[in-house]
Amino acid sequence: MAADAVLTPLAVIRALQGAYARGARGPELLQVAAGHIRAAGPPYTGVYLYMLHDRELVLEAFDGRATEHTRIPVGTGICGQAVAQGTDLNVADVGAAPGYLACSLETRSELVVLIRRNQQILGQIDIDSDVPAAFDAAEQAAVKEVADALAALL
Ligand code: SME
């Protein structure tokens, strides 16, 4: 349980389950996730939900600043590297990250948490922060709880 995280995963998960019960599916659920995660406030600046289609990540929902990166090939950017490596990526300083794709010049750190069902990667929650090194282990664990709940509903 991520007691000291800014994000309260249970509140987001309840919102997702409520939306699902009312008939929300796919991108609608992703939008609920994006909105509720970003509503946690700083350090959550922008929340982007990408789903994996073939070998490409496709932006299906976001809350925060718009991004030009609506399709990202696997292996490209931090988002694509997370999929290629099959791992979550917590980047404390995006300026020092090889291959980083900038969405905004204000962004200082970024967290990518994969949405997986069993071993299969369905997509990812990508979070930008204007705060350097914004996401500690508790914060990352909180986002992972949301990703795991989403995987069950998608
Ligand atoms: N920074 C990401 C691109 C996505 S936008 O930030 C929303 C990357 O390097 O893959």
# chains A, B, ... in the order shown; residues from 1 in each chain; ligands from 1
call {"tool": "residues_near_ligand", "arguments": {"ligand": "ligand 1", "cutoff": "7 Å", "atoms": "only C-alpha atoms and all ligand atoms", "output": "compact mmCIF listing (two decimals) with N, CA, C and O atoms, in the first residue's frame"}}
result
# COMPACT_ATOMS: atom_id res chain seq x y z
N TYR A 48 -1.03 10.46 -19.91
CA TYR A 48 -1.25 10.01 -21.29
C TYR A 48 -1.44 8.49 -21.28
O TYR A 48 -0.60 7.76 -20.74
N THR A 67 -0.17 16.60 -26.68
CA THR A 67 1.15 16.18 -27.18
C THR A 67 1.07 15.88 -28.67
O THR A 67 0.04 15.42 -29.16
N HIS A 69 2.96 13.67 -29.89
CA HIS A 69 3.37 12.27 -29.99
C HIS A 69 2.16 11.36 -29.80
O HIS A 69 1.98 10.74 -28.74
N THR A 76 11.04 3.53 -29.50
CA THR A 76 11.28 4.97 -29.64
C THR A 76 10.81 5.71 -28.39
O THR A 76 9.76 5.39 -27.82
N GLY A 77 11.59 6.72 -27.99
CA GLY A 77 11.21 7.52 -26.82
C GLY A 77 11.23 6.68 -25.54
O GLY A 77 11.51 5.48 -25.58
N ILE A 78 10.94 7.33 -24.44
CA ILE A 78 10.89 6.60 -23.17
C ILE A 78 9.70 5.63 -23.19
O ILE A 78 9.81 4.49 -22.72
N CYS A 79 8.60 6.09 -23.79
CA CYS A 79 7.41 5.23 -23.88
C CYS A 79 7.70 3.95 -24.64
O CYS A 79 7.38 2.85 -24.19
N GLY A 80 8.30 4.10 -25.81
CA GLY A 80 8.59 2.94 -26.64
C GLY A 80 9.68 2.04 -26.06
O GLY A 80 9.66 0.82 -26.25
N GLY A 99 17.12 9.45 -26.07
CA GLY A 99 15.95 9.16 -26.89
C GLY A 99 14.67 9.82 -26.44
O GLY A 99 13.62 9.61 -27.05
N TYR A 100 14.75 10.60 -25.36
CA TYR A 100 13.53 11.25 -24.82
C TYR A 100 12.83 12.08 -25.89
O TYR A 100 13.46 12.86 -26.61
N LEU A 101 11.51 11.92 -26.00
CA LEU A 101 10.69 12.73 -26.91
C LEU A 101 9.97 13.79 -26.08
O LEU A 101 9.15 13.44 -25.23
N ALA A 102 10.27 15.04 -26.32
CA ALA A 102 9.68 16.11 -25.51
C ALA A 102 8.25 16.40 -25.94
O ALA A 102 7.96 16.51 -27.13
N CYS A 103 7.38 16.48 -24.95
CA CYS A 103 5.99 16.89 -25.19
C CYS A 103 5.88 18.37 -24.83
O CYS A 103 5.19 19.12 -25.49
N ASP A 126 1.49 6.93 -19.06
CA ASP A 126 2.69 7.77 -19.16
C ASP A 126 2.40 9.08 -18.46
O ASP A 126 1.42 9.76 -18.79
N ASP A 128 3.83 12.83 -17.14
CA ASP A 128 4.83 13.90 -17.18
C ASP A 128 4.70 14.75 -15.94
O ASP A 128 3.59 15.01 -15.46
call {"tool": "residues_around", "arguments": {"residues": "range 106-118 of chain A", "least_positions_apart": "3", "cutoff": "9 Å", "atoms": "only C-alpha atoms", "output": "PyMOL selection string"}}
result
chain A and resi 45+51+78-79+82-83+86-95+102-103+121-135+140+143-144+146-152
call {"tool": "select_by_dssp", "arguments": {"residues": "chain A", "states": "strand (DSSP E or B)", "output": "ChimeraX atom specification"}}
result
/A:46-53,56-63,71-73,89-91,109-117,120-129
call {"tool": "residues_around", "arguments": {"residues": "Pro27 in chain A", "least_positions_apart": "6", "cutoff": "12 Å", "atoms": "only C-alpha atoms", "output": "MDAnalysis selection string"}}
result
chainID A and resid 16 19:20 33:34 48:51 58:62 123 150 153:154
call {"tool": "write_last_selection", "arguments": {"atoms": "N, CA, C and O atoms", "output": "compact mmCIF listing (two decimals), in the first residue's frame"}}
result
# COMPACT_ATOMS: atom_id res chain seq x y z
N LEU A 16 -13.03 4.03 -11.84
CA LEU A 16 -12.98 3.16 -13.02
C LEU A 16 -14.06 2.08 -12.95
O LEU A 16 -14.75 1.82 -13.95
N ALA A 19 -17.42 3.64 -13.61
CA ALA A 19 -17.61 3.93 -15.03
C ALA A 19 -17.89 2.64 -15.81
O ALA A 19 -18.77 2.61 -16.68
N TYR A 20 -17.17 1.59 -15.45
CA TYR A 20 -17.38 0.30 -16.13
C TYR A 20 -18.80 -0.19 -15.89
O TYR A 20 -19.48 -0.66 -16.82
N ALA A 33 -9.39 7.25 -16.30
CA ALA A 33 -8.11 7.06 -15.60
C ALA A 33 -7.25 8.31 -15.72
O ALA A 33 -6.71 8.80 -14.71
N ALA A 34 -7.13 8.85 -16.93
CA ALA A 34 -6.27 10.03 -17.13
C ALA A 34 -6.76 11.19 -16.26
O ALA A 34 -5.96 11.84 -15.57
N TYR A 48 -1.03 10.46 -19.91
CA TYR A 48 -1.25 10.01 -21.29
C TYR A 48 -1.44 8.49 -21.28
O TYR A 48 -0.60 7.76 -20.74
N LEU A 49 -2.53 8.04 -21.89
CA LEU A 49 -2.81 6.61 -21.95
C LEU A 49 -2.60 6.13 -23.37
O LEU A 49 -3.33 6.52 -24.28
N TYR A 50 -1.56 5.35 -23.54
CA TYR A 50 -1.23 4.78 -24.84
C TYR A 50 -1.57 3.31 -24.84
O TYR A 50 -1.26 2.59 -23.87
N MET A 51 -2.17 2.82 -25.93
CA MET A 51 -2.42 1.39 -26.09
C MET A 51 -1.55 0.87 -27.22
O MET A 51 -1.24 1.58 -28.18
N VAL A 58 -0.42 3.92 -29.39
CA VAL A 58 -1.37 4.90 -29.91
C VAL A 58 -2.02 5.61 -28.72
O VAL A 58 -2.54 4.97 -27.80
N LEU A 59 -1.96 6.95 -28.75
CA LEU A 59 -2.55 7.75 -27.68
C LEU A 59 -4.07 7.67 -27.78
O LEU A 59 -4.66 8.05 -28.79
N GLU A 60 -4.71 7.16 -26.72
CA GLU A 60 -6.18 6.99 -26.77
C GLU A 60 -6.90 7.91 -25.78
O GLU A 60 -8.11 8.09 -25.90
N ALA A 61 -6.17 8.46 -24.83
CA ALA A 61 -6.77 9.40 -23.88
C ALA A 61 -5.66 10.18 -23.20
O ALA A 61 -4.55 9.66 -23.04
N PHE A 62 -5.94 11.42 -22.81
CA PHE A 62 -4.96 12.16 -22.02
C PHE A 62 -5.67 13.24 -21.23
O PHE A 62 -6.80 13.63 -21.54
N GLY A 123 -0.72 -1.77 -22.97
CA GLY A 123 -0.47 -0.35 -23.19
C GLY A 123 0.29 0.22 -22.01
O GLY A 123 1.00 -0.52 -21.32
N LEU A 150 -6.90 -1.30 -14.33
CA LEU A 150 -7.32 -1.03 -15.71
C LEU A 150 -7.23 -2.28 -16.57
O LEU A 150 -8.13 -2.56 -17.37
N LEU A 153 -10.15 -4.37 -16.66
CA LEU A 153 -11.39 -3.79 -17.19
C LEU A 153 -11.34 -3.57 -18.70
O LEU A 153 -12.37 -3.31 -19.33
N LEU A 154 -10.15 -3.64 -19.27
CA LEU A 154 -10.02 -3.34 -20.71
C LEU A 154 -10.27 -4.58 -21.56
O LEU A 154 -10.07 -5.70 -21.11
call {"tool": "atom_distance", "arguments": {"atom1": "CA of Thr70 in chain A", "atom2": "CA of Ala141 in chain A"}}
result
25.7 Å
call {"tool": "atom_distance", "arguments": {"atom1": "CA of Arg38 in chain A", "atom2": "CA of Val12 in chain A"}}
result
10.2 Å
call {"tool": "residues_around", "arguments": {"residues": "range 137-139 of chain A", "least_positions_apart": "3", "cutoff": "7 Å", "atoms": "only C-alpha atoms", "output": "list of chain:residue names"}}
result
A:Ala2, A:Asp4, A:Ala5, A:Val6, A:Leu7, A:Ala142, A:Val143
call {"tool": "select_by_dssp", "arguments": {"residues": "range 30-105 of chain A", "states": "helix (DSSP H, G or I)", "output": "list in words"}}
result
Leu30, Gln31, Val32, Ala33, Ala34, Gly35, His36, Ile37, Arg38, Gly77, Ile78, Cys79, Gly80, Gln81, Ala82, Val83, Ala84, Gln85, Val94, Gly95 and Ala96 of chain A
call {"tool": "write_last_selection", "arguments": {"atoms": "C-alpha atoms", "output": "PDB file, in the first residue's frame"}}
result
ATOM      1  CA  LEU A  30      -8.793   5.360 -20.299  1.00  0.00           C
ATOM      2  CA  GLN A  31     -10.142   8.924 -20.165  1.00  0.00           C
ATOM      3  CA  VAL A  32     -11.529   8.318 -16.683  1.00  0.00           C
ATOM      4  CA  ALA A  33      -8.110   7.059 -15.600  1.00  0.00           C
ATOM      5  CA  ALA A  34      -6.274  10.030 -17.131  1.00  0.00           C
ATOM      6  CA  GLY A  35      -8.618  12.571 -15.538  1.00  0.00           C
ATOM      7  CA  HIS A  36      -8.634  11.035 -12.088  1.00  0.00           C
ATOM      8  CA  ILE A  37      -4.874  10.508 -11.967  1.00  0.00           C
ATOM      9  CA  ARG A  38      -4.131  14.067 -13.021  1.00  0.00           C
ATOM     10  CA  GLY A  77      11.213   7.524 -26.818  1.00  0.00           C
ATOM     11  CA  ILE A  78      10.888   6.598 -23.170  1.00  0.00           C
ATOM     12  CA  CYS A  79       7.408   5.232 -23.876  1.00  0.00           C
ATOM     13  CA  GLY A  80       8.590   2.937 -26.642  1.00  0.00           C
ATOM     14  CA  GLN A  81      11.671   1.871 -24.693  1.00  0.00           C
ATOM     15  CA  ALA A  82       9.493   0.739 -21.782  1.00  0.00           C
ATOM     16  CA  VAL A  83       7.603  -1.607 -24.115  1.00  0.00           C
ATOM     17  CA  ALA A  84      10.779  -2.831 -25.854  1.00  0.00           C
ATOM     18  CA  GLN A  85      12.372  -3.595 -22.463  1.00  0.00           C
ATOM     19  CA  VAL A  94      14.262  13.671 -18.816  1.00  0.00           C
ATOM     20  CA  GLY A  95      17.026  16.011 -20.029  1.00  0.00           C
ATOM     21  CA  ALA A  96      19.562  13.254 -19.395  1.00  0.00           C
TER      22      ALA A  96
END
call {"tool": "closest_residue", "arguments": {"among": "A:Pro73, A:Gly18, A:Gly26, A:Gly64", "to": "Leu52 in chain A", "atoms": "only C-alpha atoms"}}
result
A:Pro73
call {"tool": "atom_distance", "arguments": {"atom1": "CA of Val74 in chain A", "atom2": "CA of Pro98 in chain A"}}
result
14.8 Å
